[in-house]
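Heads up, the thing below is written out as structure tokens.
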Amino acid sequence: MTEHPSLVVCIGGSAGGHDALRELFDRVDHDVDAVFLVVLHIAAAGQSVLPRIVARATDLQVLPATDGAPLVRGRVYVAVA
């Protein structure tokens with residue numbers, strides 16, 4: 001199977017969306033042919049711990065999103081700034 005996903009899933013939420021994200025990623029199969037892009041509102045002065053929160057709920061690789069990063073199937077890219 002190729003590393004290029006056949007599906008890109010974009011998820012956005014408010015600061016209270018942690019529980020919904022954990023529940024979602026707890027149900028996603030580790031061999032899913034998709035990539036996930038996640039952004040959650042946080043306070044301007046806050047530091048995001050969202051990658052760690054999501055990583056505890058899934059076997060998928062969870063990474064901070066970076067400009068220009070390739071979208072690879074089975075990964076979760078989380079906006080941290």
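Here's how to read the names in the structure tokens: chain A, B, ... by the order shown, residue numbers from 1 in each chain, ligand numbers from 1 in the order shown.
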
- Task: Considering only C-alpha atoms, return as a PyMOL selection string whatever protein or nucleic-acid residues lie within 12 Å of Ala55 (chain A), sequence-local ones (same chain, fewer than 6 positions apart) excluded.
- Result: chain A and resi 18+21-26+49+61-64+75-78

Would you save the residues of that selection, restricted to C-alpha atoms, as a JSON list (two decimals), in the first residue's frame?
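The file below, result.json, is the result:
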```json
[["chain", "number", "residue", "atom", "x", "y", "z"],
["A", 18, "HIS", "CA", -10.30, 17.07, 23.69],
["A", 21, "LEU", "CA", -10.90, 13.80, 19.71],
["A", 22, "ARG", "CA", -9.91, 11.04, 22.12],
["A", 23, "GLU", "CA", -13.16, 9.19, 21.41],
["A", 24, "LEU", "CA", -12.74, 9.57, 17.65],
["A", 25, "PHE", "CA", -9.13, 8.40, 17.52],
["A", 26, "ASP", "CA", -9.83, 5.55, 19.90],
["A", 49, "VAL", "CA", -0.36, 19.49, 24.59],
["A", 61, "GLN", "CA", 1.71, 8.30, 14.47],
["A", 62, "VAL", "CA", 0.89, 11.77, 15.84],
["A", 63, "LEU", "CA", 3.10, 14.68, 14.80],
["A", 64, "PRO", "CA", 3.08, 18.45, 15.16],
["A", 75, "ARG", "CA", -0.57, 9.86, 10.46],
["A", 76, "VAL", "CA", -2.22, 12.58, 12.50],
["A", 77, "TYR", "CA", -0.82, 16.09, 12.05],
["A", 78, "VAL", "CA", -1.75, 18.48, 14.87]]
```

- Task: Name all residues at most 6 Å from region 8-10 of chain A (count only C-alpha atoms; drop same-chain ones fewer than 2 positions away) and give them as number ranges by chain.
- Result: A: 34-37

File of the preceding selection, N, CA, C and O atoms, as a PDB file, in the first residue's frame:
```
ATOM      1  N   ALA A  34      -5.967   6.938   5.371  1.00  0.00           N
ATOM      2  CA  ALA A  34      -6.296   8.359   5.491  1.00  0.00           C
ATOM      3  C   ALA A  34      -5.196   9.056   6.278  1.00  0.00           C
ATOM      4  O   ALA A  34      -4.416   8.424   6.986  1.00  0.00           O
ATOM      5  N   VAL A  35      -5.186  10.362   6.152  1.00  0.00           N
ATOM      6  CA  VAL A  35      -4.342  11.225   6.979  1.00  0.00           C
ATOM      7  C   VAL A  35      -5.287  12.190   7.685  1.00  0.00           C
ATOM      8  O   VAL A  35      -6.327  12.564   7.138  1.00  0.00           O
ATOM      9  N   PHE A  36      -4.946  12.568   8.903  1.00  0.00           N
ATOM     10  CA  PHE A  36      -5.804  13.437   9.706  1.00  0.00           C
ATOM     11  C   PHE A  36      -5.073  14.748  10.012  1.00  0.00           C
ATOM     12  O   PHE A  36      -3.910  14.719  10.430  1.00  0.00           O
ATOM     13  N   LEU A  37      -5.767  15.853   9.810  1.00  0.00           N
ATOM     14  CA  LEU A  37      -5.251  17.178  10.142  1.00  0.00           C
ATOM     15  C   LEU A  37      -6.133  17.737  11.241  1.00  0.00           C
ATOM     16  O   LEU A  37      -7.345  17.830  11.074  1.00  0.00           O
TER      17      LEU A  37
END
```

- Go through A:Ile42, A:Ala65, A:Ala57, A:Ala15 one by one, measure the shortest atom-to-atom distance of each to Asp29 (chain A) using only C-alpha atoms, and give the residue with the smallest value. A:Ala57

- Task: Check chain A with DSSP on the backbone and list each residue it calls helix (DSSP H, G or I), as a list of chain:residue names.
- Result: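 Those residues are A:His18, A:Asp19, A:Ala20, A:Leu21, A:Arg22, A:Glu23, A:Leu24, A:Phe25, A:Asp26, A:Leu50, A:Pro51, A:Arg52, A:Ile53, A:Val54, A:Ala55.
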
Could those selected residues go to a file with N, CA and C atoms, as an mmCIF file, in the first residue's frame?
```
data_model
loop_
_atom_site.group_PDB
_atom_site.id
_atom_site.type_symbol
_atom_site.label_atom_id
_atom_site.label_comp_id
_atom_site.auth_asym_id
_atom_site.auth_seq_id
_atom_site.Cartn_x
_atom_site.Cartn_y
_atom_site.Cartn_z
ATOM 1 N N HIS A 18 -11.247 18.158 23.411
ATOM 2 C CA HIS A 18 -10.298 17.073 23.686
ATOM 3 C C HIS A 18 -10.978 15.715 23.817
ATOM 4 N N ASP A 19 -12.075 15.672 24.544
ATOM 5 C CA ASP A 19 -12.764 14.395 24.768
ATOM 6 C C ASP A 19 -13.275 13.805 23.457
ATOM 7 N N ALA A 20 -13.833 14.651 22.596
ATOM 8 C CA ALA A 20 -14.341 14.171 21.310
ATOM 9 C C ALA A 20 -13.201 13.624 20.449
ATOM 10 N N LEU A 21 -12.050 14.288 20.474
ATOM 11 C CA LEU A 21 -10.896 13.804 19.713
ATOM 12 C C LEU A 21 -10.410 12.456 20.239
ATOM 13 N N ARG A 22 -10.331 12.328 21.540
ATOM 14 C CA ARG A 22 -9.914 11.043 22.118
ATOM 15 C C ARG A 22 -10.873 9.926 21.718
ATOM 16 N N GLU A 23 -12.167 10.201 21.771
ATOM 17 C CA GLU A 23 -13.156 9.190 21.406
ATOM 18 C C GLU A 23 -13.051 8.832 19.923
ATOM 19 N N LEU A 24 -12.882 9.819 19.078
ATOM 20 C CA LEU A 24 -12.741 9.567 17.650
ATOM 21 C C LEU A 24 -11.523 8.695 17.358
ATOM 22 N N PHE A 25 -10.354 9.112 17.851
ATOM 23 C CA PHE A 25 -9.128 8.396 17.516
ATOM 24 C C PHE A 25 -9.028 7.043 18.208
ATOM 25 N N ASP A 26 -9.765 6.864 19.263
ATOM 26 C CA ASP A 26 -9.825 5.548 19.900
ATOM 27 C C ASP A 26 -10.507 4.524 18.984
ATOM 28 N N LEU A 50 -1.894 19.044 22.789
ATOM 29 C CA LEU A 50 -2.802 18.234 21.995
ATOM 30 C C LEU A 50 -2.127 17.032 21.342
ATOM 31 N N PRO A 51 -0.915 17.144 20.801
ATOM 32 C CA PRO A 51 -0.296 15.948 20.234
ATOM 33 C C PRO A 51 -0.182 14.802 21.250
ATOM 34 N N ARG A 52 0.159 15.099 22.481
ATOM 35 C CA ARG A 52 0.259 14.055 23.509
ATOM 36 C C ARG A 52 -1.105 13.471 23.857
ATOM 37 N N ILE A 53 -2.117 14.324 23.896
ATOM 38 C CA ILE A 53 -3.472 13.863 24.214
ATOM 39 C C ILE A 53 -3.968 12.902 23.132
ATOM 40 N N VAL A 54 -3.792 13.287 21.872
ATOM 41 C CA VAL A 54 -4.240 12.440 20.762
ATOM 42 C C VAL A 54 -3.424 11.153 20.715
ATOM 43 N N ALA A 55 -2.119 11.243 20.938
ATOM 44 C CA ALA A 55 -1.248 10.070 20.865
ATOM 45 C C ALA A 55 -1.633 9.001 21.883
#
```

Running DSSP on the backbone, which parts of chain A land in strand (DSSP E or B), as a tab-separated table (two decimals) with C-alpha atoms, in the first residue's frame?
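Contents of selection_36.tsv, as written:
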```
chain	number	residue	atom	x	y	z
A	7	LEU	CA	-8.60	10.37	2.13
A	8	VAL	CA	-7.68	13.57	3.98
A	9	VAL	CA	-9.73	14.23	7.13
A	10	CYS	CA	-9.63	17.76	8.58
A	11	ILE	CA	-10.89	18.24	12.13
A	12	GLY	CA	-11.33	21.56	13.92
A	13	GLY	CA	-12.76	22.25	17.32
A	34	ALA	CA	-6.30	8.36	5.49
A	35	VAL	CA	-4.34	11.22	6.98
A	36	PHE	CA	-5.80	13.44	9.71
A	37	LEU	CA	-5.25	17.18	10.14
A	38	VAL	CA	-6.30	18.49	13.55
A	39	VAL	CA	-6.60	22.00	14.93
A	40	LEU	CA	-8.12	22.95	18.27
A	61	GLN	CA	1.71	8.30	14.47
A	62	VAL	CA	0.89	11.77	15.84
A	63	LEU	CA	3.10	14.68	14.80
A	64	PRO	CA	3.08	18.45	15.16
A	75	ARG	CA	-0.57	9.86	10.46
A	76	VAL	CA	-2.22	12.58	12.50
A	77	TYR	CA	-0.82	16.09	12.05
A	78	VAL	CA	-1.75	18.48	14.87
```

- Using only C-alpha atoms, determine which residues lie at most 7 Å from His30 (chain A), disregarding the query and same-chain residues fewer than 3 positions distant; provide the list as a list in words.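 That gives Asp59, Leu60 and Gly74 of chain A.
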